[in-house]
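Quick look at protein_13.txt (compact mmCIF, C-alpha atoms):
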```txt
# COMPACT_ATOMS: atom_id res chain seq x y z
CA MET A 1 4.40 34.57 11.01
CA TYR A 2 6.61 36.25 8.43
CA GLU A 3 5.38 36.74 4.87
CA THR A 4 5.30 33.64 2.71
CA LYS A 5 3.86 32.67 -0.65
CA TYR A 6 1.39 29.78 -0.67
CA HIS A 7 1.33 27.38 -3.62
CA LYS A 8 -1.05 24.49 -4.12
CA ALA A 9 0.73 21.85 -6.18
CA ALA A 10 -1.37 19.78 -8.58
CA SER A 11 1.36 17.22 -9.27
CA VAL A 12 4.76 16.15 -7.98
CA GLN A 13 6.44 17.90 -10.94
CA ASP A 14 4.49 21.04 -10.10
CA ALA A 15 5.68 20.88 -6.48
CA VAL A 16 9.30 20.29 -7.47
CA ALA A 17 9.16 23.24 -9.88
CA ALA A 18 7.65 25.53 -7.22
CA LEU A 19 10.32 24.52 -4.70
CA SER A 20 13.19 24.96 -7.13
CA GLY A 21 11.89 28.40 -8.09
CA ALA A 22 11.73 29.56 -4.46
CA SER A 23 14.56 31.26 -2.60
CA GLU A 24 13.77 29.24 0.51
CA GLY A 25 10.87 26.90 -0.11
CA ALA A 26 9.26 24.46 2.28
CA VAL A 27 6.82 21.64 1.71
CA LEU A 28 3.51 22.08 3.54
CA ALA A 29 2.53 18.47 4.18
CA GLY A 30 0.11 18.90 7.07
CA GLY A 31 1.59 21.87 8.85
CA GLN A 32 1.19 20.54 12.36
CA THR A 33 4.86 21.26 13.10
CA LEU A 34 5.73 23.72 10.34
CA LEU A 35 2.95 26.26 11.01
CA PRO A 36 3.56 26.50 14.79
CA THR A 37 7.29 26.84 14.03
CA MET A 38 6.56 29.66 11.57
CA LYS A 39 4.28 31.36 14.10
CA GLN A 40 7.15 31.36 16.58
CA HIS A 41 9.44 32.86 13.91
CA LEU A 42 11.69 29.80 14.12
CA ALA A 43 11.10 29.15 10.41
CA SER A 44 10.49 31.69 7.69
CA PRO A 45 10.15 29.94 4.34
CA SER A 46 9.75 32.31 1.38
CA ASP A 47 7.33 29.84 -0.22
CA LEU A 48 5.07 27.08 1.04
CA VAL A 49 4.32 24.28 -1.39
CA ASP A 50 1.20 22.38 -0.35
CA VAL A 51 1.41 18.76 -1.53
CA ARG A 52 -1.89 17.54 -0.05
CA GLY A 53 -3.80 18.02 -3.26
CA ILE A 54 -1.56 15.67 -5.26
CA ALA A 55 -3.66 12.60 -6.03
CA GLY A 56 -0.76 10.15 -6.35
CA MET A 57 0.51 10.96 -2.86
CA GLN A 58 -2.59 9.77 -1.00
CA GLY A 59 -3.58 6.42 0.36
CA VAL A 60 -2.30 2.91 0.97
CA THR A 61 -1.29 0.31 -1.64
CA VAL A 62 -0.67 -3.35 -0.92
CA GLY A 63 2.17 -4.92 -2.91
CA ASP A 64 3.99 -8.24 -2.83
CA GLY A 65 5.05 -8.35 0.82
CA THR A 66 4.93 -4.57 1.08
CA ILE A 67 2.62 -1.78 2.18
CA THR A 68 3.18 1.57 0.47
CA ILE A 69 1.75 4.69 2.06
CA GLY A 70 1.49 7.92 0.07
CA ALA A 71 3.45 10.69 1.76
CA ALA A 72 0.41 12.97 2.06
CA THR A 73 -1.65 10.32 3.86
CA ARG A 74 -2.83 11.61 7.21
CA HIS A 75 -2.10 9.87 10.50
CA ALA A 76 -5.81 9.20 11.12
CA ASP A 77 -6.10 7.54 7.70
CA VAL A 78 -3.10 5.28 8.32
CA ALA A 79 -4.45 4.39 11.78
CA GLY A 80 -7.85 3.48 10.34
CA ASN A 81 -6.72 1.77 7.14
CA ALA A 82 -7.87 -1.86 6.92
CA ASP A 83 -4.77 -3.03 5.00
CA VAL A 84 -2.33 -1.41 7.42
CA LYS A 85 -4.27 -2.84 10.36
CA ALA A 86 -4.25 -6.31 8.79
CA HIS A 87 -0.60 -6.42 7.69
CA ILE A 88 1.30 -4.11 10.08
CA PRO A 89 -0.99 -3.53 13.07
CA GLY A 90 1.91 -2.04 15.05
CA LEU A 91 2.21 0.72 12.43
CA ALA A 92 -1.54 1.48 12.52
CA ALA A 93 -1.39 1.67 16.32
CA LEU A 94 1.62 3.99 16.17
CA ALA A 95 -0.19 6.35 13.78
CA GLY A 96 -3.24 6.30 16.08
CA GLY A 97 -1.11 7.45 18.99
CA ILE A 98 0.53 10.49 17.41
CA GLY A 99 -0.33 13.84 19.04
CA ASP A 100 -4.09 14.13 19.49
CA PRO A 101 -7.12 13.49 17.24
CA ALA A 102 -7.10 16.95 15.62
CA VAL A 103 -3.38 16.69 14.85
CA ARG A 104 -3.94 13.21 13.40
CA SER A 105 -6.56 14.54 11.03
CA MET A 106 -4.07 17.02 9.50
CA GLY A 107 -0.55 15.68 9.98
CA THR A 108 0.92 13.37 7.34
CA ILE A 109 3.46 10.55 7.30
CA GLY A 110 5.72 12.28 4.77
CA GLY A 111 5.77 15.46 6.79
CA SER A 112 6.74 13.64 9.96
CA VAL A 113 9.47 11.59 8.29
CA ALA A 114 10.94 14.58 6.41
CA ASN A 115 11.04 16.65 9.60
CA ASN A 116 12.83 13.89 11.56
CA ASP A 117 11.95 15.36 14.94
CA PRO A 118 14.08 13.48 17.49
CA ALA A 119 10.92 12.68 19.48
CA ALA A 120 8.53 11.90 16.61
CA ASP A 121 6.93 8.46 16.33
CA TYR A 122 7.08 7.68 12.59
CA PRO A 123 10.90 7.71 12.27
CA ALA A 124 10.97 4.75 14.70
CA ALA A 125 8.61 2.78 12.45
CA VAL A 126 10.47 3.66 9.25
CA LEU A 127 13.84 2.69 10.73
CA GLY A 128 12.50 -0.21 12.80
CA LEU A 129 10.76 -1.84 9.85
CA GLY A 130 13.62 -1.07 7.47
CA ALA A 131 11.30 0.86 5.16
CA THR A 132 12.23 2.61 1.92
CA VAL A 133 11.69 6.34 1.51
CA VAL A 134 10.51 7.06 -2.04
CA THR A 135 11.12 10.58 -3.34
CA ASP A 136 10.46 12.42 -6.58
CA ARG A 137 13.91 11.30 -7.83
CA ARG A 138 15.12 8.16 -6.01
CA GLU A 139 14.59 5.59 -3.28
CA ILE A 140 16.44 5.87 0.02
CA ALA A 141 16.82 3.01 2.53
CA ALA A 142 15.79 3.94 6.07
CA ASP A 143 19.31 3.15 7.31
CA ASP A 144 20.67 5.89 5.02
CA PHE A 145 17.84 8.37 5.49
CA PHE A 146 17.98 9.69 9.07
CA GLU A 147 21.12 11.77 9.52
CA GLY A 148 20.62 13.37 12.92
CA MET A 149 18.29 15.71 14.74
CA PHE A 150 15.93 17.33 12.17
CA SER A 151 18.35 16.20 9.47
CA THR A 152 17.79 13.72 6.64
CA ALA A 153 19.39 12.58 3.38
CA LEU A 154 16.87 14.65 1.39
CA ASP A 155 18.42 17.20 -0.97
CA ASP A 156 17.10 20.74 -1.21
CA GLY A 157 13.82 20.64 -3.08
CA GLU A 158 13.53 16.84 -2.90
CA ILE A 159 10.04 15.63 -1.98
CA ILE A 160 9.06 12.39 -0.29
CA THR A 161 6.24 10.87 -2.34
CA ALA A 162 5.70 7.61 -0.44
CA ILE A 163 7.08 5.28 2.21
CA ARG A 164 7.29 1.56 1.37
CA PHE A 165 7.22 -0.81 4.35
CA PRO A 166 8.10 -4.51 4.18
CA VAL A 167 5.40 -6.57 5.90
CA PRO A 168 7.00 -8.00 9.06
CA THR A 169 6.40 -11.34 10.75
CA ARG A 170 5.65 -9.39 13.89
CA ALA A 171 6.15 -5.80 14.98
CA ALA A 172 4.98 -3.36 17.62
CA TYR A 173 5.69 0.06 19.07
CA ALA A 174 5.55 1.27 22.65
CA LYS A 175 6.11 4.80 23.80
CA PHE A 176 6.28 6.73 27.00
CA PRO A 177 4.72 10.04 26.00
CA ASN A 178 5.82 13.30 27.51
CA PRO A 179 2.75 14.13 29.60
CA ALA A 180 2.52 17.68 28.23
CA SER A 181 3.51 17.41 24.57
CA ARG A 182 2.58 13.75 23.87
CA TYR A 183 5.83 13.46 21.91
CA ALA A 184 7.82 10.37 22.81
CA MET A 185 10.07 10.75 25.84
CA VAL A 186 11.15 7.34 24.61
CA GLY A 187 9.53 5.21 21.91
CA VAL A 188 10.75 1.79 20.80
CA PHE A 189 9.73 -0.01 17.62
CA VAL A 190 10.60 -3.70 17.40
CA ALA A 191 10.17 -5.73 14.22
CA GLU A 192 11.00 -9.23 13.10
CA THR A 193 11.02 -9.59 9.34
CA GLY A 194 12.16 -12.79 7.63
CA GLY A 195 14.12 -13.89 10.72
CA ASN A 196 15.86 -10.52 11.01
CA VAL A 197 15.19 -8.39 14.10
CA ARG A 198 15.37 -4.59 14.10
CA VAL A 199 14.89 -2.25 17.02
CA ALA A 200 14.59 1.52 16.54
CA VAL A 201 14.50 4.04 19.37
CA THR A 202 13.04 7.54 19.16
CA GLY A 203 12.92 10.30 21.76
CA ALA A 204 16.12 9.21 23.46
CA GLY A 205 19.00 9.92 21.08
CA GLU A 206 20.91 13.19 20.87
CA ASP A 207 21.13 12.52 17.12
CA GLY A 208 17.51 11.50 16.72
CA VAL A 209 16.18 8.04 15.97
CA PHE A 210 18.73 5.19 16.20
CA ARG A 211 18.95 1.40 16.00
CA HIS A 212 19.74 -0.42 19.23
CA ASP A 213 22.34 -3.01 18.24
CA GLY A 214 22.53 -4.73 21.63
CA MET A 215 18.77 -5.08 21.83
CA GLU A 216 18.63 -6.42 18.25
CA SER A 217 21.18 -9.16 19.03
CA ALA A 218 19.40 -10.08 22.26
CA LEU A 219 16.02 -10.34 20.53
CA ALA A 220 17.46 -12.15 17.51
CA SER A 221 18.65 -14.99 19.74
CA ASP A 222 15.50 -14.97 21.88
CA PHE A 223 12.52 -12.75 21.02
CA SER A 224 11.20 -12.40 24.55
CA VAL A 225 10.36 -9.81 27.17
CA ALA A 226 13.22 -11.16 29.32
CA SER A 227 15.72 -10.57 26.47
CA ALA A 228 14.46 -7.00 26.07
CA ALA A 229 14.81 -6.42 29.80
CA GLY A 230 18.31 -7.90 29.91
CA ALA A 231 19.87 -5.94 27.01
CA THR A 232 22.26 -3.18 28.04
CA THR A 233 21.35 0.38 27.03
CA SER A 234 24.27 2.80 27.19
CA GLN A 235 23.66 6.34 28.43
CA GLU A 236 26.19 7.66 25.93
CA GLY A 237 24.51 9.94 23.39
CA VAL A 238 21.20 9.73 25.25
CA LEU A 239 19.31 13.01 25.70
CA ASN A 240 19.55 14.66 29.09
CA ASP A 241 17.18 17.62 29.47
CA MET A 242 14.50 19.19 31.67
CA HIS A 243 12.07 16.40 30.78
CA ALA A 244 14.24 13.44 31.76
CA SER A 245 17.83 12.56 32.60
CA ALA A 246 19.91 10.30 30.37
CA ALA A 247 19.75 7.58 33.03
CA TYR A 248 15.95 7.74 33.15
CA ARG A 249 15.62 7.68 29.37
CA ALA A 250 18.07 4.79 29.04
CA HIS A 251 16.02 2.85 31.58
CA LEU A 252 12.83 3.68 29.69
CA VAL A 253 14.35 2.27 26.48
CA ASN A 254 14.38 -1.19 28.04
CA VAL A 255 10.94 -0.80 29.57
CA MET A 256 9.43 0.34 26.25
CA ALA A 257 11.24 -2.48 24.43
CA GLU A 258 9.74 -4.99 26.86
CA ARG A 259 6.26 -3.58 26.22
CA ALA A 260 6.78 -3.56 22.46
CA VAL A 261 7.98 -7.19 22.45
CA SER A 262 5.02 -8.15 24.60
CA LYS A 263 2.60 -6.45 22.17
CA ALA A 264 4.31 -7.97 19.12
CA GLY A 265 3.60 -11.41 20.60
CA MET B 1 -3.55 37.20 -1.68
CA ASN B 2 -5.56 34.14 -2.53
CA ASN B 3 -9.20 33.99 -3.41
CA VAL B 4 -10.73 31.34 -1.21
CA LYS B 5 -14.19 29.92 -1.59
CA MET B 6 -15.52 27.84 1.28
CA THR B 7 -18.78 26.67 2.70
CA VAL B 8 -18.97 27.79 6.31
CA ASN B 9 -21.90 26.55 8.39
CA GLY B 10 -23.78 25.78 5.20
CA LYS B 11 -23.26 29.19 3.59
CA ALA B 12 -20.98 29.86 0.65
CA VAL B 13 -18.30 32.46 1.39
CA SER B 14 -15.68 33.93 -0.89
CA ARG B 15 -12.86 36.18 0.31
CA ASP B 16 -9.40 37.32 -0.68
CA VAL B 17 -7.06 36.23 2.09
CA PRO B 18 -3.33 36.83 2.65
CA ASP B 19 -1.14 33.72 2.36
CA THR B 20 -0.38 33.75 6.09
CA THR B 21 -3.98 33.97 7.38
CA LEU B 22 -4.87 31.16 9.75
CA LEU B 23 -8.30 29.57 9.58
CA SER B 24 -8.93 30.79 13.16
CA GLU B 25 -8.19 34.39 12.09
CA PHE B 26 -10.30 34.01 8.97
CA LEU B 27 -13.29 32.77 10.96
CA ARG B 28 -13.01 35.29 13.76
CA GLU B 29 -11.83 38.41 11.96
CA ASP B 30 -13.15 38.08 8.41
CA LEU B 31 -16.39 36.24 9.09
CA ARG B 32 -16.87 37.53 12.66
CA LEU B 33 -17.60 34.01 13.88
CA THR B 34 -16.02 34.58 17.27
CA GLY B 35 -17.34 31.39 18.86
CA THR B 36 -14.13 29.69 17.72
CA HIS B 37 -11.68 30.61 20.46
CA VAL B 38 -7.92 31.01 20.32
CA GLY B 39 -6.48 29.87 23.62
CA CYS B 40 -2.82 29.04 23.23
CA ASP B 41 -2.21 29.67 19.52
CA THR B 42 0.46 26.94 19.69
CA SER B 43 -1.69 23.90 18.74
CA GLN B 44 -1.92 22.56 22.27
CA CYS B 45 -5.23 23.64 23.81
CA GLY B 46 -7.93 22.78 21.28
CA ALA B 47 -10.17 25.81 21.98
CA CYS B 48 -10.00 26.56 18.24
CA VAL B 49 -11.19 23.14 17.01
CA VAL B 50 -13.61 23.27 14.07
CA HIS B 51 -14.66 20.67 11.53
CA VAL B 52 -13.13 20.76 8.05
CA ASP B 53 -14.72 18.32 5.60
CA GLY B 54 -16.12 16.40 8.55
CA ARG B 55 -12.91 16.12 10.59
CA ALA B 56 -11.96 17.99 13.75
CA VAL B 57 -8.87 20.16 13.16
CA LYS B 58 -7.11 22.95 15.00
CA SER B 59 -8.04 26.11 13.12
CA CYS B 60 -5.02 27.95 14.56
CA THR B 61 -2.78 25.43 12.79
CA THR B 62 -4.38 25.54 9.35
CA LEU B 63 -3.93 28.13 6.62
CA ALA B 64 -7.13 29.59 5.22
CA ALA B 65 -5.50 29.70 1.78
CA SER B 66 -5.18 25.91 1.81
CA LEU B 67 -8.92 25.40 2.27
CA ASP B 68 -10.33 26.52 -1.07
CA GLY B 69 -13.42 24.37 -1.65
CA ALA B 70 -13.58 23.11 1.94
CA ASP B 71 -16.71 22.61 4.00
CA VAL B 72 -16.19 24.16 7.45
CA THR B 73 -18.44 23.85 10.48
CA THR B 74 -17.93 25.98 13.59
CA ILE B 75 -19.68 26.06 16.95
CA GLU B 76 -22.13 28.57 15.43
CA GLY B 77 -23.23 26.01 12.85
CA ILE B 78 -24.28 22.99 14.91
CA ALA B 79 -27.58 24.05 16.49
CA ASN B 80 -30.73 23.50 14.47
CA GLY B 81 -32.32 26.93 14.66
CA GLY B 82 -33.28 27.39 18.31
CA ASP B 83 -32.68 23.71 19.13
CA LEU B 84 -29.29 23.05 20.60
CA HIS B 85 -27.22 20.20 19.19
CA PRO B 86 -27.38 17.21 21.58
CA MET B 87 -23.74 17.83 22.51
CA GLN B 88 -24.51 21.44 23.44
CA ALA B 89 -27.60 20.36 25.38
CA ALA B 90 -25.58 17.74 27.29
CA PHE B 91 -22.90 20.28 28.24
CA ASN B 92 -25.72 22.43 29.59
CA THR B 93 -27.40 19.56 31.48
CA HIS B 94 -24.16 18.28 33.05
CA HIS B 95 -22.64 21.69 33.64
CA GLY B 96 -19.73 20.70 31.41
CA LEU B 97 -18.12 24.11 31.69
CA GLN B 98 -16.87 26.57 34.24
CA CYS B 99 -15.43 29.68 32.57
CA GLY B 100 -16.56 28.41 29.18
CA PHE B 101 -13.50 29.42 27.19
CA CYS B 102 -12.58 25.89 26.09
CA THR B 103 -16.22 24.88 25.50
CA PRO B 104 -16.49 25.50 21.74
CA GLY B 105 -13.46 23.29 21.12
CA MET B 106 -14.66 20.67 23.60
CA ILE B 107 -18.04 20.48 21.87
CA MET B 108 -16.56 20.29 18.36
CA SER B 109 -14.10 17.58 19.49
CA GLY B 110 -16.92 15.79 21.33
CA ILE B 111 -19.10 15.65 18.21
CA ASP B 112 -16.15 14.47 16.13
CA MET B 113 -15.25 11.62 18.48
CA VAL B 114 -18.87 10.44 18.72
CA ASN B 115 -19.18 10.47 14.92
CA ARG B 116 -15.93 8.54 14.43
CA PHE B 117 -16.67 5.94 17.08
CA GLN B 118 -20.21 5.43 15.73
CA ALA B 119 -18.91 5.09 12.17
CA ASP B 120 -16.43 2.42 13.35
CA GLY B 121 -19.08 0.69 15.48
CA LYS B 122 -16.91 1.20 18.57
CA ASP B 123 -18.15 1.90 22.08
CA LEU B 124 -17.17 5.37 23.30
CA THR B 125 -16.32 4.49 26.89
CA GLU B 126 -15.41 6.98 29.58
CA GLU B 127 -11.78 5.90 29.22
CA ALA B 128 -11.92 6.44 25.45
CA ILE B 129 -13.42 9.92 25.91
CA ARG B 130 -10.60 10.91 28.26
CA GLU B 131 -8.04 9.61 25.76
CA GLU B 132 -9.78 11.39 22.87
CA LEU B 133 -9.76 14.69 24.78
CA GLU B 134 -5.97 14.68 24.83
CA GLY B 135 -5.86 17.73 22.56
CA ASN B 136 -8.44 19.80 24.45
CA ILE B 137 -7.36 21.54 27.62
CA CYS B 138 -9.74 22.92 30.26
CA ARG B 139 -7.77 25.16 32.59
CA CYS B 140 -10.65 25.24 35.07
CA THR B 141 -10.00 21.46 35.14
CA GLY B 142 -13.69 20.67 34.77
CA TYR B 143 -13.04 17.39 32.97
CA HIS B 144 -15.39 15.16 34.98
CA ASN B 145 -18.52 16.98 33.81
CA ILE B 146 -17.17 17.39 30.29
CA VAL B 147 -16.68 13.62 30.07
CA LYS B 148 -20.17 13.00 31.48
CA ALA B 149 -21.67 15.41 28.94
CA ILE B 150 -19.95 13.70 25.99
CA GLU B 151 -20.97 10.25 27.27
CA ASP B 152 -24.59 11.39 27.55
CA ALA B 153 -24.58 13.11 24.15
CA ALA B 154 -23.08 9.98 22.56
CA GLY B 155 -26.17 8.08 23.70
CA THR B 156 -28.55 10.73 22.37
CA MET B 157 -26.71 10.94 19.05
CA ALA B 158 -26.81 7.13 18.71
CA ASP B 159 -30.58 7.15 19.35
CA MET B 160 -31.03 9.92 16.79
CA ALA B 161 -28.95 8.01 14.23
CA LYS B 162 -31.12 4.90 14.79
CA ALA B 163 -34.35 6.90 14.55
CA ALA B 164 -33.19 8.39 11.25
CA GLU B 165 -32.57 4.94 9.71
```
Now that the file is in, can you turn its structure into structure tokens?
Amino acid sequence: MYETKYHKAASVQDAVAALSGASEGAVLAGGQTLLPTMKQHLASPSDLVDVRGIAGMQGVTVGDGTITIGAATRHADVAGNADVKAHIPGLAALAGGIGDPAVRSMGTIGGSVANNDPAADYPAAVLGLGATVVTDRREIAADDFFEGMFSTALDDGEIITAIRFPVPTRAAYAKFPNPASRYAMVGVFVAETGGNVRVAVTGAGEDGVFRHDGMESALASDFSVASAAGATTSQEGVLNDMHASAAYRAHLVNVMAERAVSKAG
Amino acid sequence: MNNVKMTVNGKAVSRDVPDTTLLSEFLREDLRLTGTHVGCDTSQCGACVVHVDGRAVKSCTTLAASLDGADVTTIEGIANGGDLHPMQAAFNTHHGLQCGFCTPGMIMSGIDMVNRFQADGKDLTEEAIREELEGNICRCTGYHNIVKAIEDAAGTMADMAKAAE
């Protein structure tokens, strides 16, 4: 990798200051995407600001109808957390299915959400549950956060400190992993919260994670596997690449939605 | 440069490392612990898996500079003197290797999964082992014996844990 300067931030303010003082700074939140990207010379940040040592960015807090996860909480810790398992089991299961065990013991929720990889799992949960992205300076609704492939509403130097999830009535995630990379070829998160149904799809969209309006309406009138199967998924804007055609991915969206609805119960 | 102090296989080490040094490079080139292998160097193959603070991680995807104060265990640190760790012994018994290149990572991942499943009181079934080995690739495709070895070692490690209580 190209030269970079490593900083270990002791606090959020410390991290923000280090980023603003860098010519091209990047947050090191787990490094499971960033470091391989740097090794391939596809990224060359002048400075790396490690946020994993910041105490306030770790762990899970239960609020009134909410679960808040610190941005530097690792996938394995979300997957194994008793409160997440009790209140949003679909989210714990999603975290337990990211990458492989070694990746899950380093990668963090904030890193995944900030990167907004079009085939990552967490963006589907954040958008599907209608979560709130909390940063060092504001709160951003999931619907306003994801702005396209690897693109988010975050400003330069803005750091995600936590993600706040509303506790749903029922929710689940199903993915068809790419057999080589384990990233989602298609992943669908379905959630019913206070009578409102949301469906978020990852892995399939040319612009990254998206909500499936047709599927949401179908499930809102009848939350059943048959409704998920019957909803129409357009091939417009669906990824078409060496891994799968748009037609195959569009078909998988319905199949994954059926499985997610079945798991959500 | 960053001064990094770590405990590696029970011994305190202190070195000045460049900001870009990977843990795999630090172990192999600075400490000459060449049992940790670098297979793909792209986070896919798992030959470089070591334990950091009790968790299996890919040392090729971790910066040494970020591990000041960490406790690191490599394949060189698991045997008790001349006595192999039960996971090593089981790989030997079941011939859980062909060329042997992936073996250090397989063994470190195997120990990690047994520890986690035992801590959670969960049964480490053959199916679970195959799922857990998702991040470790054996290009000789010797998975059957690797799975058998981990299953056997899980039993031995459970017996040892009970005996120690």
Subject >> Within 8 Å of file point (-23.4, 17.2, 29.7), counting only C-alpha atoms, expressed as a ChimeraX atom specification >> reply: /B:87-96,145-153
**OP:** Would you list the residues near (0.5, 9.6, 14.8), meaning any protein, DNA or RNA residue with an atom at most 10 Å from that point in file coordinates, counting only C-alpha atoms, as a VMD selection string?
**Re:** chain A and resid 74 to 79 91 to 101 103 to 105 107 to 109 112 120 to 122 183
Chain A contacts to chain B at 7 Å (all atoms listed in the file) as a PDB file with C-alpha atoms, keeping the file's coordinate frame:
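Heads up, here's the output in iface25.pdb:
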```pdb
ATOM      1  CA  MET A   1       4.400  34.570  11.010  1.00  0.00           C
ATOM      2  CA  GLU A   3       5.380  36.740   4.870  1.00  0.00           C
ATOM      3  CA  THR A   4       5.300  33.640   2.710  1.00  0.00           C
ATOM      4  CA  LYS A   5       3.860  32.670  -0.650  1.00  0.00           C
ATOM      5  CA  TYR A   6       1.390  29.780  -0.670  1.00  0.00           C
ATOM      6  CA  GLY A  31       1.590  21.870   8.850  1.00  0.00           C
ATOM      7  CA  GLN A  32       1.190  20.540  12.360  1.00  0.00           C
ATOM      8  CA  LEU A  35       2.950  26.260  11.010  1.00  0.00           C
ATOM      9  CA  PRO A  36       3.560  26.500  14.790  1.00  0.00           C
ATOM     10  CA  ASP A 100      -4.090  14.130  19.490  1.00  0.00           C
ATOM     11  CA  PRO A 101      -7.120  13.490  17.240  1.00  0.00           C
ATOM     12  CA  ALA A 102      -7.100  16.950  15.620  1.00  0.00           C
ATOM     13  CA  VAL A 103      -3.380  16.690  14.850  1.00  0.00           C
ATOM     14  CA  SER A 105      -6.560  14.540  11.030  1.00  0.00           C
ATOM     15  CA  MET A 106      -4.070  17.020   9.500  1.00  0.00           C
TER      16      MET A 106
END
```
Subject >> Distance of atom CA of A:Pro45 from atom CA of A:Leu127, expressed in Å to one decimal place >> reply: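 Atom CA of A:Leu127 sits 28.2 Å away from atom CA of A:Pro45.
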Report as a compact mmCIF listing (two decimals) with C-alpha atoms, keeping the file's coordinate frame all protein, DNA and RNA residues lying within 9 Å of A:Ala162, evaluated on all atoms listed in the file, omitting residues in the same chain fewer than 3 positions from it.
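And here is the file that came out, around07.txt:
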```txt
# COMPACT_ATOMS: atom_id res chain seq x y z
CA MET A 57 0.51 10.96 -2.86
CA GLN A 58 -2.59 9.77 -1.00
CA THR A 68 3.18 1.57 0.47
CA ILE A 69 1.75 4.69 2.06
CA GLY A 70 1.49 7.92 0.07
CA ALA A 71 3.45 10.69 1.76
CA ALA A 72 0.41 12.97 2.06
CA THR A 73 -1.65 10.32 3.86
CA ILE A 109 3.46 10.55 7.30
CA GLY A 110 5.72 12.28 4.77
CA THR A 132 12.23 2.61 1.92
CA VAL A 133 11.69 6.34 1.51
CA VAL A 134 10.51 7.06 -2.04
CA THR A 135 11.12 10.58 -3.34
```
